[in-house]
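Participant: Below is one structure. I have some questions about it.
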Amino acid sequence: MNTHPKRFKLVLEFDGGRYSGWQKQDDAKSIQGSLLKAATALFGAEVDVQGSGRTDTGVHGLRFTAHLETHTEHSPAEIGARLNEILPKDIAVVECKRAGARFHARHNCIGRSYLYQIAKRKTALGRDFVWQVEEGLHTGFMQEAATMLVGMHDFTSFTDRQAIKKKSPLVMVNKVQIVETEDLILFRIVGSHFLWKMVRRIVGVLVEVGKGKLTVGEVGHFLEEPVVLKEYTAPSQGLFFERAFYDQEELDGFLAEETIRSAFL
């Protein structure tokens, strides 16, 4: 019998409303913890599950990448199907493929994309997946301010101070795109990685610009001189981890896309 564990690449979809984010915690429900519990029930104690990054409490996943390492003779299709039988209804394995022994969902990831949804009206059916902002927003000003965030910047203003005590506040943002439909304003933010609450704070700041309560120039100032922007943090239910990238050509192709598809709406 082969004693070496096998590694599998998983693509997950999840409703994060009941969870404290991806990262396993001893005193709270998490996506990673739920996946580990399901994998342990299926394979036994020797399992390892790692994700492409952390997510904030309440954040959802559209195509969140993780890897699973375990001893098994099951095919990838069998693993995906068996895990889906065990996992809670709000977590699903969308894809399961065999991966190389050196593949790591986080260390090999070169880019991550997030989607944020704002509803321009009260919505009964989509309320758990949007931020309802019924006040009119000037998306032109918002996109102008968003352009200033693209590139390598110090995003200290867009996270909590404790998050950068052991981590650099420098982040490469590849794209911030805003698309308006009849009922929604959609944000796509693509970058190398993201700091704690960073995407939600970017959205919150851009909404204040859209309301006319912050100027484009002030957004530029936030990048130059760190300030506390805690009051501008957008709620988590409108945020989705959209996808992770492991190939530069794939990332470049995604960055060239102009359309944004809403999640569930």
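Residue numbering restarts at 1 in every chain; chains get A, B, ... in the order shown in the structure tokens, and ligands count up from 1 in that same order.
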Please provide the set of residues having any atom within 9 Å of Leu137 in chain A, restricted to only C-alpha atoms, with same-chain residues fewer than 2 positions apart removed, written as a JSON list (two decimals) with N, CA and C atoms, in the first residue's frame.
Facilitator:
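Writing done, so here's result.json:
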```
[["chain", "number", "residue", "atom", "x", "y", "z"],
["A", 120, "LYS", "N", -29.60, 48.67, -4.78],
["A", 120, "LYS", "CA", -30.07, 50.06, -4.80],
["A", 120, "LYS", "C", -31.50, 50.19, -4.29],
["A", 133, "VAL", "N", -28.21, 49.95, -0.02],
["A", 133, "VAL", "CA", -27.93, 51.38, 0.05],
["A", 133, "VAL", "C", -28.92, 52.07, -0.88],
["A", 134, "GLU", "N", -30.00, 52.56, -0.33],
["A", 134, "GLU", "CA", -31.07, 53.13, -1.14],
["A", 134, "GLU", "C", -30.78, 54.58, -1.53],
["A", 135, "GLU", "N", -29.82, 55.20, -0.86],
["A", 135, "GLU", "CA", -29.41, 56.56, -1.23],
["A", 135, "GLU", "C", -28.67, 56.52, -2.56],
["A", 139, "THR", "N", -21.65, 56.79, -9.32],
["A", 139, "THR", "CA", -20.64, 55.77, -9.61],
["A", 139, "THR", "C", -19.45, 56.31, -10.39],
["A", 140, "GLY", "N", -19.64, 57.42, -11.10],
["A", 140, "GLY", "CA", -18.52, 58.03, -11.81],
["A", 140, "GLY", "C", -17.45, 58.51, -10.86],
["A", 141, "PHE", "N", -17.84, 59.19, -9.79],
["A", 141, "PHE", "CA", -16.89, 59.64, -8.78],
["A", 141, "PHE", "C", -16.26, 58.43, -8.08],
["A", 142, "MET", "N", -17.06, 57.41, -7.86],
["A", 142, "MET", "CA", -16.57, 56.21, -7.18],
["A", 142, "MET", "C", -15.48, 55.52, -8.01],
["A", 207, "VAL", "N", -18.27, 54.12, -1.26],
["A", 207, "VAL", "CA", -19.68, 54.49, -1.10],
["A", 207, "VAL", "C", -19.80, 55.91, -0.55],
["A", 208, "GLU", "N", -18.93, 56.27, 0.38],
["A", 208, "GLU", "CA", -18.95, 57.64, 0.92],
["A", 208, "GLU", "C", -18.61, 58.64, -0.18],
["A", 209, "VAL", "N", -17.72, 58.27, -1.08],
["A", 209, "VAL", "CA", -17.42, 59.12, -2.24],
["A", 209, "VAL", "C", -18.66, 59.24, -3.11],
["A", 210, "GLY", "N", -19.35, 58.12, -3.33],
["A", 210, "GLY", "CA", -20.56, 58.14, -4.14],
["A", 210, "GLY", "C", -21.67, 58.98, -3.54],
["A", 211, "LYS", "N", -21.69, 59.10, -2.23],
["A", 211, "LYS", "CA", -22.68, 59.93, -1.53],
["A", 211, "LYS", "C", -22.29, 61.40, -1.51],
["A", 212, "GLY", "N", -21.03, 61.69, -1.89],
["A", 212, "GLY", "CA", -20.54, 63.06, -1.83],
["A", 212, "GLY", "C", -20.00, 63.46, -0.47]]
```
Participant: For Phe194 in chain A, work out the shell of residues within 12 Å, counting only C-alpha atoms and skipping chain neighbours fewer than 2 positions away, then give it as a PyMOL selection string.
Facilitator: chain A and resi 52-56+110-114+152-156+158-159+163-164+167-174+189-192+196-202+241
Participant: Those selected residues, please, written with C-alpha atoms and delivered as a short mmCIF file (atom, residue, chain, number, x, y, z; two decimals), in the first residue's frame.
Facilitator:
```cif
data_model
loop_
_atom_site.label_atom_id
_atom_site.label_comp_id
_atom_site.auth_asym_id
_atom_site.auth_seq_id
_atom_site.Cartn_x
_atom_site.Cartn_y
_atom_site.Cartn_z
CA SER A 52 -6.07 30.26 -0.57
CA GLY A 53 -6.52 32.92 2.09
CA ARG A 54 -8.54 34.01 5.08
CA THR A 55 -11.97 35.57 4.85
CA ASP A 56 -13.75 37.86 7.30
CA ILE A 110 -0.62 34.73 -7.33
CA GLY A 111 -3.88 36.67 -7.25
CA ARG A 112 -7.30 36.84 -5.63
CA SER A 113 -10.56 38.41 -6.74
CA TYR A 114 -13.43 39.64 -4.59
CA MET A 152 1.31 48.96 -5.01
CA HIS A 153 0.19 51.04 -2.02
CA ASP A 154 0.33 51.18 1.75
CA PHE A 155 -3.20 50.17 2.83
CA THR A 156 -2.75 50.82 6.56
CA PHE A 158 -7.91 50.23 5.10
CA THR A 159 -7.29 47.65 7.82
CA ALA A 163 -3.56 43.21 11.48
CA ILE A 164 -0.29 44.75 10.30
CA LYS A 167 2.40 41.76 8.21
CA SER A 168 3.39 44.38 5.65
CA PRO A 169 0.63 46.88 4.77
CA LEU A 170 1.91 46.98 1.18
CA VAL A 171 -0.52 45.35 -1.25
CA MET A 172 -0.57 45.21 -5.05
CA VAL A 173 -4.09 45.96 -6.30
CA ASN A 174 -4.46 45.01 -9.97
CA ILE A 189 -11.37 44.04 -6.60
CA VAL A 190 -8.38 41.98 -7.75
CA GLY A 191 -5.03 41.94 -6.00
CA SER A 192 -2.05 39.92 -4.87
CA TRP A 196 -8.06 42.02 7.21
CA LYS A 197 -11.23 44.03 6.37
CA MET A 198 -9.40 45.74 3.49
CA VAL A 199 -11.93 45.00 0.74
CA ARG A 200 -14.89 45.94 2.93
CA ARG A 201 -13.20 49.19 3.92
CA ILE A 202 -12.41 50.04 0.30
CA PHE A 241 -14.44 35.62 -2.45
#
```
Participant: Would you give me, as number ranges by chain, the residues in range 19-263 of chain A that DSSP reads as strand (DSSP E)?
Facilitator: A: 47-51, 60-70, 91-99, 111-119, 131-132, 151-154, 170-180, 184-191, 239-245
Participant: Which is closest to Val47 in chain A among A:Pro5, A:Pro88, A:Gly80, A:Gly253, if we use only C-alpha atoms?
Facilitator: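 Among the listed residues, the smallest separation from Val47 in chain A belongs to A:Pro5.
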